[in-house]
>>> print(open('coords07.pdb').read())   # PDB, C-alpha atoms
ATOM      1  CA  MET A   1      25.485 183.570 162.891
ATOM      2  CA  ILE A   2      23.591 186.873 163.142
ATOM      3  CA  GLN A   3      23.890 189.768 160.719
ATOM      4  CA  LEU A   4      21.886 192.961 160.824
ATOM      5  CA  LYS A   5      22.422 195.304 157.873
ATOM      6  CA  GLY A   6      21.197 198.881 157.649
ATOM      7  CA  ILE A   7      18.381 198.411 160.152
ATOM      8  CA  ASN A   8      15.955 201.303 160.483
ATOM      9  CA  LYS A   9      12.896 201.188 162.689
ATOM     10  CA  HIS A  10      10.189 203.821 162.873
ATOM     11  CA  PHE A  11       7.310 203.950 165.349
ATOM     12  CA  GLY A  12       5.181 206.544 163.625
ATOM     13  CA  LYS A  13       7.327 209.686 163.459
ATOM     14  CA  LEU A  14       9.796 208.318 165.997
ATOM     15  CA  HIS A  15      12.993 207.032 164.344
ATOM     16  CA  VAL A  16      14.180 204.486 166.915
ATOM     17  CA  LEU A  17      16.933 202.675 164.978
ATOM     18  CA  LYS A  18      19.023 204.591 162.471
ATOM     19  CA  ASP A  19      20.879 202.513 159.891
ATOM     20  CA  VAL A  20      22.244 200.033 162.447
ATOM     21  CA  SER A  21      24.510 197.180 161.340
ATOM     22  CA  LEU A  22      25.829 194.446 163.622
ATOM     23  CA  SER A  23      27.349 191.002 163.105
ATOM     24  CA  VAL A  24      27.635 188.314 165.762
ATOM     25  CA  ALA A  25      29.747 185.201 165.226
ATOM     26  CA  ALA A  26      28.813 181.730 166.418
ATOM     27  CA  GLY A  27      29.634 181.384 170.109
ATOM     28  CA  GLU A  28      30.236 185.112 170.560
ATOM     29  CA  LYS A  29      28.898 186.979 173.581
ATOM     30  CA  VAL A  30      27.874 190.524 172.705
ATOM     31  CA  VAL A  31      26.683 192.867 175.446
ATOM     32  CA  VAL A  32      24.701 195.943 174.373
ATOM     33  CA  ILE A  33      24.659 198.896 176.746
ATOM     34  CA  GLY A  34      23.505 202.480 176.605
ATOM     35  CA  PRO A  35      21.072 204.938 178.170
ATOM     36  CA  SER A  36      17.335 204.287 178.306
ATOM     37  CA  GLY A  37      15.647 205.058 174.999
ATOM     38  CA  SER A  38      18.784 204.423 172.949
ATOM     39  CA  GLY A  39      17.181 201.618 170.904
ATOM     40  CA  LYS A  40      18.829 198.633 172.623
ATOM     41  CA  SER A  41      15.684 196.611 173.252
ATOM     42  CA  THR A  42      14.254 197.404 169.830
ATOM     43  CA  LEU A  43      17.494 196.209 168.243
ATOM     44  CA  ILE A  44      17.504 192.879 170.040
ATOM     45  CA  ARG A  45      13.810 192.355 169.258
ATOM     46  CA  CYS A  46      14.608 192.750 165.564
ATOM     47  CA  VAL A  47      16.870 189.676 165.701
ATOM     48  CA  ASN A  48      13.857 187.340 165.895
ATOM     49  CA  LEU A  49      11.376 189.767 164.289
ATOM     50  CA  LEU A  50       9.431 190.524 167.436
ATOM     51  CA  GLU A  51       9.898 193.949 165.910
ATOM     52  CA  LYS A  52      10.002 194.031 162.109
ATOM     53  CA  PRO A  53      12.518 196.562 160.780
ATOM     54  CA  THR A  54      11.129 199.364 158.658
ATOM     55  CA  SER A  55      14.093 198.792 156.347
ATOM     56  CA  GLY A  56      17.262 196.728 156.300
ATOM     57  CA  SER A  57      17.821 192.989 156.613
ATOM     58  CA  VAL A  58      18.259 190.451 159.397
ATOM     59  CA  THR A  59      20.100 187.231 158.584
ATOM     60  CA  VAL A  60      20.206 184.332 161.052
ATOM     61  CA  ASN A  61      22.135 181.174 160.237
ATOM     62  CA  GLY A  62      22.439 182.295 156.636
ATOM     63  CA  ILE A  63      18.698 182.902 156.176
ATOM     64  CA  ASP A  64      17.354 186.410 155.550
ATOM     65  CA  ILE A  65      14.352 186.362 157.861
ATOM     66  CA  THR A  66      13.194 189.783 156.634
ATOM     67  CA  ALA A  67      12.734 188.413 153.111
ATOM     68  CA  PRO A  68       9.193 187.643 151.871
ATOM     69  CA  ASN A  69       8.036 184.136 152.851
ATOM     70  CA  ALA A  70      11.097 183.563 155.040
ATOM     71  CA  PRO A  71      10.741 180.630 157.500
ATOM     72  CA  VAL A  72      10.559 182.935 160.511
ATOM     73  CA  THR A  73       8.824 180.406 162.779
ATOM     74  CA  LYS A  74      11.470 177.793 162.033
ATOM     75  CA  ILE A  75      14.296 180.234 162.746
ATOM     76  CA  ARG A  76      12.660 181.277 166.027
ATOM     77  CA  GLU A  77      12.966 177.684 167.227
ATOM     78  CA  SER A  78      16.728 178.207 167.393
ATOM     79  CA  VAL A  79      16.572 181.714 168.892
ATOM     80  CA  ALA A  80      15.368 181.911 172.497
ATOM     81  CA  MET A  81      14.629 185.153 174.294
ATOM     82  CA  VAL A  82      14.506 186.090 177.978
ATOM     83  CA  PHE A  83      12.586 189.287 178.710
ATOM     84  CA  GLN A  84      12.601 191.933 181.442
ATOM     85  CA  GLN A  85       9.309 190.567 182.718
ATOM     86  CA  PHE A  86       9.231 186.844 183.303
ATOM     87  CA  ASN A  87       6.079 186.156 181.253
ATOM     88  CA  LEU A  88       5.344 182.886 183.043
ATOM     89  CA  TYR A  89       1.842 181.425 182.928
ATOM     90  CA  PRO A  90       0.531 181.917 186.481
ATOM     91  CA  HIS A  91      -1.936 179.017 186.271
ATOM     92  CA  LYS A  92       0.710 176.490 185.223
ATOM     93  CA  THR A  93       3.396 174.893 187.350
ATOM     94  CA  VAL A  94       7.072 175.651 186.856
ATOM     95  CA  LEU A  95       7.584 172.399 184.952
ATOM     96  CA  GLU A  96       4.525 173.053 182.778
ATOM     97  CA  ASN A  97       5.885 176.510 181.935
ATOM     98  CA  VAL A  98       9.233 175.007 180.956
ATOM     99  CA  THR A  99       7.748 172.237 178.788
ATOM    100  CA  LEU A 100       4.934 174.070 176.997
ATOM    101  CA  ALA A 101       6.947 175.515 174.088
ATOM    102  CA  PRO A 102       8.860 172.328 173.160
ATOM    103  CA  ILE A 103       5.593 170.371 173.132
ATOM    104  CA  LEU A 104       3.488 172.904 171.198
ATOM    105  CA  ILE A 105       6.100 174.421 168.878
ATOM    106  CA  LYS A 106       8.576 171.613 168.289
ATOM    107  CA  GLY A 107       6.214 168.686 168.764
ATOM    108  CA  VAL A 108       8.391 167.099 171.434
ATOM    109  CA  ALA A 109       6.732 164.281 173.381
ATOM    110  CA  LYS A 110       5.539 165.342 176.837
ATOM    111  CA  ALA A 111       7.720 162.824 178.669
ATOM    112  CA  GLU A 112      10.813 163.919 176.752
ATOM    113  CA  ALA A 113      10.058 167.605 177.319
ATOM    114  CA  GLU A 114       9.578 166.980 181.039
ATOM    115  CA  GLU A 115      12.811 164.997 181.288
ATOM    116  CA  SER A 116      14.862 167.739 179.642
ATOM    117  CA  GLY A 117      12.877 170.397 181.514
ATOM    118  CA  LEU A 118      13.926 168.902 184.837
ATOM    119  CA  VAL A 119      17.526 168.851 183.639
ATOM    120  CA  PHE A 120      17.393 172.576 182.874
ATOM    121  CA  LEU A 121      15.595 173.363 186.124
ATOM    122  CA  GLU A 122      18.442 171.563 187.869
ATOM    123  CA  ARG A 123      20.790 173.666 185.752
ATOM    124  CA  VAL A 124      19.332 176.884 187.186
ATOM    125  CA  GLY A 125      19.047 175.441 190.697
ATOM    126  CA  LEU A 126      15.270 175.040 190.770
ATOM    127  CA  ARG A 127      14.491 171.374 190.198
ATOM    128  CA  ASP A 128      12.860 171.259 193.638
ATOM    129  CA  LYS A 129      10.383 173.935 192.485
ATOM    130  CA  ALA A 130       9.050 171.946 189.502
ATOM    131  CA  ALA A 131       5.594 171.535 191.044
ATOM    132  CA  ALA A 132       5.374 175.090 192.376
ATOM    133  CA  TYR A 133       3.469 177.939 190.728
ATOM    134  CA  PRO A 134       5.106 181.243 189.706
ATOM    135  CA  ALA A 135       3.382 183.179 192.487
ATOM    136  CA  GLN A 136       5.168 180.983 195.022
ATOM    137  CA  LEU A 137       8.596 182.036 193.705
ATOM    138  CA  SER A 138      10.731 185.125 194.173
ATOM    139  CA  GLY A 139      11.425 187.371 191.203
ATOM    140  CA  GLY A 140      14.916 185.959 190.818
ATOM    141  CA  GLN A 141      13.566 182.416 190.860
ATOM    142  CA  GLN A 142      10.928 183.302 188.258
ATOM    143  CA  GLN A 143      13.592 184.739 185.952
ATOM    144  CA  ARG A 144      15.683 181.583 186.373
ATOM    145  CA  VAL A 145      12.612 179.549 185.400
ATOM    146  CA  ALA A 146      12.277 181.760 182.320
ATOM    147  CA  ILE A 147      15.899 180.954 181.436
ATOM    148  CA  ALA A 148      15.251 177.221 181.910
ATOM    149  CA  ARG A 149      12.197 177.565 179.665
ATOM    150  CA  ALA A 150      14.333 179.185 176.973
ATOM    151  CA  LEU A 151      17.021 176.503 177.303
ATOM    152  CA  ASN A 152      14.449 173.724 176.944
ATOM    153  CA  MET A 153      13.965 174.833 173.340
ATOM    154  CA  LYS A 154      17.621 173.810 172.766
ATOM    155  CA  PRO A 155      18.453 177.151 171.111
ATOM    156  CA  GLN A 156      21.612 178.040 169.244
ATOM    157  CA  ILE A 157      21.182 181.718 170.143
ATOM    158  CA  MET A 158      20.063 183.310 173.408
ATOM    159  CA  LEU A 159      18.768 186.875 173.539
ATOM    160  CA  PHE A 160      18.480 188.622 176.906
ATOM    161  CA  ASP A 161      16.574 191.903 177.107
ATOM    162  CA  GLU A 162      17.560 193.519 180.429
ATOM    163  CA  PRO A 163      16.821 190.285 182.321
ATOM    164  CA  THR A 164      17.662 191.740 185.741
ATOM    165  CA  SER A 165      16.041 195.175 185.469
ATOM    166  CA  ALA A 166      12.782 194.083 187.134
ATOM    167  CA  LEU A 167      14.541 192.370 190.046
ATOM    168  CA  ASP A 168      15.339 193.537 193.539
ATOM    169  CA  PRO A 169      19.080 194.144 193.964
ATOM    170  CA  GLU A 170      19.463 191.060 196.167
ATOM    171  CA  MET A 171      18.103 188.814 193.421
ATOM    172  CA  ILE A 172      20.165 190.134 190.526
ATOM    173  CA  GLN A 173      23.302 188.090 191.191
ATOM    174  CA  GLU A 174      21.508 184.743 191.213
ATOM    175  CA  VAL A 175      20.289 185.402 187.665
ATOM    176  CA  LEU A 176      23.658 186.761 186.522
ATOM    177  CA  ASP A 177      25.382 183.644 187.898
ATOM    178  CA  VAL A 178      23.216 181.457 185.665
ATOM    179  CA  MET A 179      23.950 183.678 182.659
ATOM    180  CA  ILE A 180      27.696 183.602 183.383
ATOM    181  CA  SER A 181      27.713 179.812 183.478
ATOM    182  CA  LEU A 182      25.764 179.722 180.208
ATOM    183  CA  ALA A 183      28.294 182.020 178.589
ATOM    184  CA  GLN A 184      31.051 179.575 179.497
ATOM    185  CA  GLU A 185      29.303 176.822 177.517
ATOM    186  CA  GLY A 186      29.789 178.407 174.105
ATOM    187  CA  ILE A 187      26.220 179.436 173.298
ATOM    188  CA  THR A 188      25.810 182.568 171.155
ATOM    189  CA  MET A 189      24.436 185.401 173.287
ATOM    190  CA  ILE A 190      23.283 188.981 172.819
ATOM    191  CA  VAL A 191      22.596 190.642 176.152
ATOM    192  CA  VAL A 192      21.045 194.060 176.707
ATOM    193  CA  THR A 193      21.918 195.030 180.262
ATOM    194  CA  HIS A 194      22.969 197.774 182.654
ATOM    195  CA  GLU A 195      25.135 195.333 184.621
ATOM    196  CA  MET A 196      28.632 196.572 183.875
ATOM    197  CA  GLY A 197      30.315 193.884 185.960
ATOM    198  CA  PHE A 198      28.627 191.231 183.848
ATOM    199  CA  ALA A 199      29.758 192.987 180.677
ATOM    200  CA  ARG A 200      33.356 193.069 181.903
ATOM    201  CA  GLN A 201      33.325 189.410 182.885
ATOM    202  CA  VAL A 202      31.404 187.773 180.052
ATOM    203  CA  ALA A 203      31.422 189.898 176.901
ATOM    204  CA  ASP A 204      33.632 189.162 173.936
ATOM    205  CA  ARG A 205      32.464 192.521 172.626
ATOM    206  CA  VAL A 206      30.647 195.478 174.153
ATOM    207  CA  VAL A 207      28.384 197.597 171.940
ATOM    208  CA  PHE A 208      27.378 201.085 173.052
ATOM    209  CA  MET A 209      24.191 202.606 171.644
ATOM    210  CA  ASP A 210      22.730 206.069 171.920
ATOM    211  CA  GLY A 211      20.124 207.897 169.860
ATOM    212  CA  GLY A 212      19.289 204.796 167.840
ATOM    213  CA  GLN A 213      22.854 204.271 166.635
ATOM    214  CA  ILE A 214      25.881 202.184 167.546
ATOM    215  CA  LEU A 215      28.462 204.755 168.586
ATOM    216  CA  GLU A 216      31.236 202.446 169.731
ATOM    217  CA  GLU A 217      32.094 198.765 170.058
ATOM    218  CA  GLY A 218      35.107 196.847 171.205
ATOM    219  CA  SER A 219      36.506 194.441 173.767
ATOM    220  CA  PRO A 220      35.578 195.024 177.414
ATOM    221  CA  GLU A 221      39.159 196.115 178.080
ATOM    222  CA  HIS A 222      38.984 198.747 175.361
ATOM    223  CA  PHE A 223      35.490 199.820 176.256
ATOM    224  CA  PHE A 224      35.956 200.280 179.975
ATOM    225  CA  THR A 225      39.561 201.536 180.035
ATOM    226  CA  ASN A 226      40.042 203.388 176.759
ATOM    227  CA  PRO A 227      36.764 204.395 175.086
ATOM    228  CA  THR A 228      37.161 206.766 172.155
ATOM    229  CA  HIS A 229      33.728 208.341 171.646
ATOM    230  CA  GLU A 230      32.944 211.315 173.876
ATOM    231  CA  ARG A 231      29.388 210.092 174.468
ATOM    232  CA  THR A 232      30.728 206.732 175.664
ATOM    233  CA  LYS A 233      33.112 208.463 178.048
ATOM    234  CA  LEU A 234      30.280 210.574 179.462
ATOM    235  CA  PHE A 235      27.990 207.557 179.906
ATOM    236  CA  LEU A 236      30.679 205.540 181.696
ATOM    237  CA  SER A 237      31.635 208.473 183.916
ATOM    238  CA  ARG A 238      28.064 208.635 185.162
ATOM    239  CA  ILE A 239      27.529 204.939 185.857
ATOM    240  CA  LEU A 240      30.986 203.882 187.068
ATOM    241  CA  ARG A 241      31.376 206.425 189.845
TER     242      ARG A 241
END
>>> encode(input="coords07.pdb", output="structure tokens")
Amino acid sequence: MIQLKGINKHFGKLHVLKDVSLSVAAGEKVVVIGPSGSGKSTLIRCVNLLEKPTSGSVTVNGIDITAPNAPVTKIRESVAMVFQQFNLYPHKTVLENVTLAPILIKGVAKAEAEESGLVFLERVGLRDKAAAYPAQLSGGQQQRVAIARALNMKPQIMLFDEPTSALDPEMIQEVLDVMISLAQEGITMIVVTHEMGFARQVADRVVFMDGGQILEEGSPEHFFTNPTHERTKLFLSRILR
């Protein structure tokens, strides 16, 4: 479903991604971990061209979206992304935040968007907050609204860029619980996270990045019990104490 081939990304003189290749099958859950500055977020942002690779190709559903005149906007309709920051519109209610994209981007009727929006708010345990504004919600609740907003686009692929990193520790689990239940429904997911417990529980494959490269990938069992790369071993020894 997703194929990145030979991805390089430069920000000026900074070489952030170095000839990275990664394939993700339909329904697969891939968790990307690594130290800060390793290129994880840049990699995931290349999947829907929020960052355009300097070189290499990105293919989604058989379409090379890095090719000239590729239907990038159309592809983005099937690829939803949840960010570190919640990016909710503060002057709009929760339900308005959840329905805006389907109405404006997909042309869904307002009533239909609201009906499905309430379903997804129920899905993340926040239907009773439909009329509230973001400022009236906790950080964990705001991130769950952001997930409901992404789901209301009916995506085939969900990208999560460190969705719990801006949350207080007490709020992290409520967001992870929603993500775990999503993973059980067969949606294709790429998740950049520092939550090792989530990676163990949900991932079909764990990818370890450092210095703009993929150094190791494998099943959670392999990754956490028998990593082969010395840099992976060092990273895990520091975070799994």
>>> resolve_selection(input="coords07.pdb", expression="the PyMOL selection byres ((chain A and resi 215) around 10)", output="NGL selection string")
:A and (20 or 34 or 207-214 or 216-217 or 228-232)
>>> write_last_selection(input="coords07.pdb", atoms="C-alpha atoms", output="PDB file, keeping the file's coordinate frame")
ATOM      1  CA  VAL A  20      22.244 200.033 162.447  1.00  0.00           C
ATOM      2  CA  GLY A  34      23.505 202.480 176.605  1.00  0.00           C
ATOM      3  CA  VAL A 207      28.384 197.597 171.940  1.00  0.00           C
ATOM      4  CA  PHE A 208      27.378 201.085 173.052  1.00  0.00           C
ATOM      5  CA  MET A 209      24.191 202.606 171.644  1.00  0.00           C
ATOM      6  CA  ASP A 210      22.730 206.069 171.920  1.00  0.00           C
ATOM      7  CA  GLY A 211      20.124 207.897 169.860  1.00  0.00           C
ATOM      8  CA  GLY A 212      19.289 204.796 167.840  1.00  0.00           C
ATOM      9  CA  GLN A 213      22.854 204.271 166.635  1.00  0.00           C
ATOM     10  CA  ILE A 214      25.881 202.184 167.546  1.00  0.00           C
ATOM     11  CA  GLU A 216      31.236 202.446 169.731  1.00  0.00           C
ATOM     12  CA  GLU A 217      32.094 198.765 170.058  1.00  0.00           C
ATOM     13  CA  THR A 228      37.161 206.766 172.155  1.00  0.00           C
ATOM     14  CA  HIS A 229      33.728 208.341 171.646  1.00  0.00           C
ATOM     15  CA  GLU A 230      32.944 211.315 173.876  1.00  0.00           C
ATOM     16  CA  ARG A 231      29.388 210.092 174.468  1.00  0.00           C
ATOM     17  CA  THR A 232      30.728 206.732 175.664  1.00  0.00           C
TER      18      THR A 232
END
>>> residues_around(input="coords07.pdb", residues="A:Gln3", least_positions_apart="4", cutoff="10 Å", atoms="all atoms listed in the file", output="PDB file with C-alpha atoms, in the frame of the given file")
ATOM      1  CA  SER A  21      24.510 197.180 161.340  1.00  0.00           C
ATOM      2  CA  LEU A  22      25.829 194.446 163.622  1.00  0.00           C
ATOM      3  CA  SER A  23      27.349 191.002 163.105  1.00  0.00           C
ATOM      4  CA  VAL A  24      27.635 188.314 165.762  1.00  0.00           C
ATOM      5  CA  ALA A  25      29.747 185.201 165.226  1.00  0.00           C
ATOM      6  CA  VAL A  47      16.870 189.676 165.701  1.00  0.00           C
ATOM      7  CA  SER A  57      17.821 192.989 156.613  1.00  0.00           C
ATOM      8  CA  VAL A  58      18.259 190.451 159.397  1.00  0.00           C
ATOM      9  CA  THR A  59      20.100 187.231 158.584  1.00  0.00           C
ATOM     10  CA  VAL A  60      20.206 184.332 161.052  1.00  0.00           C
ATOM     11  CA  ASN A  61      22.135 181.174 160.237  1.00  0.00           C
ATOM     12  CA  GLY A  62      22.439 182.295 156.636  1.00  0.00           C
ATOM     13  CA  ILE A  63      18.698 182.902 156.176  1.00  0.00           C
ATOM     14  CA  ASP A  64      17.354 186.410 155.550  1.00  0.00           C
TER      15      ASP A  64
END
>>> residues_around(input="coords07.pdb", residues="A:Val178", least_positions_apart="4", cutoff="8 Å", atoms="only C-alpha atoms", output="list in words")
Val124, Arg144, Glu174 and Leu182 of chain A
>>> closest_residue(input="coords07.pdb", among="A:Thr73, A:Asn97, A:Thr54, A:Ser181", to="A:Pro134", atoms="only C-alpha atoms")
A:Asn97
>>> residues_around(input="coords07.pdb", residues="A:Asp161", least_positions_apart="5", cutoff="10 Å", atoms="all atoms listed in the file", output="VMD selection string")
chain A and resid 32 40 to 45 81 to 85 190 to 193
>>> resolve_selection(input="coords07.pdb", expression="the PyMOL selection byres ((chain A and resi 89) around 12)", output="PyMOL selection string")
chain A and resi 85-88+90-101+132-135+142+145-146+149
>>> residues_near_point(input="coords07.pdb", point="(15.0, 189.1, 186.7)", cutoff="7 Å", atoms="all atoms listed in the file", output="ChimeraX atom specification")
/A:84,139-140,143,163-167,172,175
>>> atom_distance(input="coords07.pdb", atom1="atom CA of A:Lys129", atom2="atom CA of A:Gln201")
29.3 Å
>>> resolve_selection(input="coords07.pdb", expression="the PyMOL selection byres ((chain A and resi 107-118) around 8)", output="PyMOL selection string")
chain A and resi 95+98-99+102-106+119-122+127+130+148-149+152
>>> write_last_selection(input="coords07.pdb", atoms="C-alpha atoms", output="mmCIF file, in the frame of the given file")
data_model
loop_
_atom_site.group_PDB
_atom_site.id
_atom_site.type_symbol
_atom_site.label_atom_id
_atom_site.label_comp_id
_atom_site.auth_asym_id
_atom_site.auth_seq_id
_atom_site.Cartn_x
_atom_site.Cartn_y
_atom_site.Cartn_z
ATOM 1 C CA LEU A 95 7.584 172.399 184.952
ATOM 2 C CA VAL A 98 9.233 175.007 180.956
ATOM 3 C CA THR A 99 7.748 172.237 178.788
ATOM 4 C CA PRO A 102 8.860 172.328 173.160
ATOM 5 C CA ILE A 103 5.593 170.371 173.132
ATOM 6 C CA LEU A 104 3.488 172.904 171.198
ATOM 7 C CA ILE A 105 6.100 174.421 168.878
ATOM 8 C CA LYS A 106 8.576 171.613 168.289
ATOM 9 C CA VAL A 119 17.526 168.851 183.639
ATOM 10 C CA PHE A 120 17.393 172.576 182.874
ATOM 11 C CA LEU A 121 15.595 173.363 186.124
ATOM 12 C CA GLU A 122 18.442 171.563 187.869
ATOM 13 C CA ARG A 127 14.491 171.374 190.198
ATOM 14 C CA ALA A 130 9.050 171.946 189.502
ATOM 15 C CA ALA A 148 15.251 177.221 181.910
ATOM 16 C CA ARG A 149 12.197 177.565 179.665
ATOM 17 C CA ASN A 152 14.449 173.724 176.944
#
>>> axis_aligned_box(input="coords07.pdb", around="stretch 163-175 of chain A", padding_each_side="3 Å", output="lines of an AutoDock Vina configuration file")
center_x = 18.0
center_y = 190.0
center_z = 189.2
size_x = 16.5
size_y = 16.4
size_z = 19.8
>>> atom_distance(input="coords07.pdb", atom1="atom CA of A:Ile187", atom2="atom CA of A:Gln156")
6.3 Å
>>> atom_distance(input="coords07.pdb", atom1="atom CA of A:Val30", atom2="atom CA of A:Asp168")
24.5 Å
>>> residues_around(input="coords07.pdb", residues="A:Ala199", least_positions_apart="6", cutoff="8 Å", atoms="only C-alpha atoms", output="count of residues only")
3
>>> closest_residue(input="coords07.pdb", among="A:Leu159, A:Ser38, A:Gln136, A:Pro68", to="A:Leu50", atoms="only C-alpha atoms")
A:Leu159
>>> closest_residue(input="coords07.pdb", among="A:Ser138, A:Ala131, A:Pro35, A:Ala70", to="A:Leu234", atoms="all atoms listed in the file")
A:Pro35
>>> residues_near_point(input="coords07.pdb", point="(25.8, 201.6, 156.3)", cutoff="10 Å", atoms="only C-alpha atoms", output="list in words")
Lys5, Gly6, Ile7, Lys18, Asp19, Val20, Ser21 and Gly56 of chain A
>>> closest_residue(input="coords07.pdb", among="A:Ser55, A:Thr188, A:Thr225, A:Thr66", to="A:Ser237", atoms="all atoms listed in the file")
A:Thr225
>>> build_atoms(input="coords07.pdb", residues="stretch 219-230 of chain A", atoms="N, CA, C and O atoms", output="PDB file, in the coordinates of the input")
ATOM      1  N   SER A 219      36.339 195.377 172.662  1.00  0.00           N
ATOM      2  CA  SER A 219      36.506 194.441 173.767  1.00  0.00           C
ATOM      3  C   SER A 219      36.178 195.143 175.079  1.00  0.00           C
ATOM      4  O   SER A 219      36.240 196.378 175.164  1.00  0.00           O
ATOM      5  N   PRO A 220      35.831 194.380 176.122  1.00  0.00           N
ATOM      6  CA  PRO A 220      35.578 195.024 177.414  1.00  0.00           C
ATOM      7  C   PRO A 220      36.764 195.854 177.895  1.00  0.00           C
ATOM      8  O   PRO A 220      36.578 196.938 178.457  1.00  0.00           O
ATOM      9  N   GLU A 221      37.971 195.368 177.652  1.00  0.00           N
ATOM     10  CA  GLU A 221      39.159 196.115 178.080  1.00  0.00           C
ATOM     11  C   GLU A 221      39.213 197.473 177.396  1.00  0.00           C
ATOM     12  O   GLU A 221      39.433 198.504 178.048  1.00  0.00           O
ATOM     13  N   HIS A 222      38.999 197.470 176.078  1.00  0.00           N
ATOM     14  CA  HIS A 222      38.984 198.747 175.361  1.00  0.00           C
ATOM     15  C   HIS A 222      37.850 199.634 175.866  1.00  0.00           C
ATOM     16  O   HIS A 222      38.034 200.817 176.145  1.00  0.00           O
ATOM     17  N   PHE A 223      36.685 199.034 175.983  1.00  0.00           N
ATOM     18  CA  PHE A 223      35.490 199.820 176.256  1.00  0.00           C
ATOM     19  C   PHE A 223      35.553 200.495 177.620  1.00  0.00           C
ATOM     20  O   PHE A 223      35.199 201.672 177.767  1.00  0.00           O
ATOM     21  N   PHE A 224      35.994 199.741 178.619  1.00  0.00           N
ATOM     22  CA  PHE A 224      35.956 200.280 179.975  1.00  0.00           C
ATOM     23  C   PHE A 224      37.221 201.053 180.363  1.00  0.00           C
ATOM     24  O   PHE A 224      37.189 201.836 181.315  1.00  0.00           O
ATOM     25  N   THR A 225      38.327 200.855 179.658  1.00  0.00           N
ATOM     26  CA  THR A 225      39.561 201.536 180.035  1.00  0.00           C
ATOM     27  C   THR A 225      39.997 202.587 179.025  1.00  0.00           C
ATOM     28  O   THR A 225      40.713 203.521 179.386  1.00  0.00           O
ATOM     29  N   ASN A 226      39.560 202.459 177.772  1.00  0.00           N
ATOM     30  CA  ASN A 226      40.042 203.388 176.759  1.00  0.00           C
ATOM     31  C   ASN A 226      38.999 203.684 175.690  1.00  0.00           C
ATOM     32  O   ASN A 226      39.268 203.559 174.489  1.00  0.00           O
ATOM     33  N   PRO A 227      37.781 204.078 176.096  1.00  0.00           N
ATOM     34  CA  PRO A 227      36.764 204.395 175.086  1.00  0.00           C
ATOM     35  C   PRO A 227      37.174 205.618 174.277  1.00  0.00           C
ATOM     36  O   PRO A 227      37.865 206.501 174.798  1.00  0.00           O
ATOM     37  N   THR A 228      36.738 205.662 173.023  1.00  0.00           N
ATOM     38  CA  THR A 228      37.161 206.766 172.155  1.00  0.00           C
ATOM     39  C   THR A 228      36.075 207.804 171.925  1.00  0.00           C
ATOM     40  O   THR A 228      36.381 208.983 171.733  1.00  0.00           O
ATOM     41  N   HIS A 229      34.812 207.401 171.932  1.00  0.00           N
ATOM     42  CA  HIS A 229      33.728 208.341 171.646  1.00  0.00           C
ATOM     43  C   HIS A 229      33.402 209.157 172.895  1.00  0.00           C
ATOM     44  O   HIS A 229      33.303 208.610 174.002  1.00  0.00           O
ATOM     45  N   GLU A 230      33.210 210.440 172.728  1.00  0.00           N
ATOM     46  CA  GLU A 230      32.944 211.315 173.876  1.00  0.00           C
ATOM     47  C   GLU A 230      31.655 210.927 174.593  1.00  0.00           C
ATOM     48  O   GLU A 230      31.564 211.021 175.817  1.00  0.00           O
TER      49      GLU A 230
END
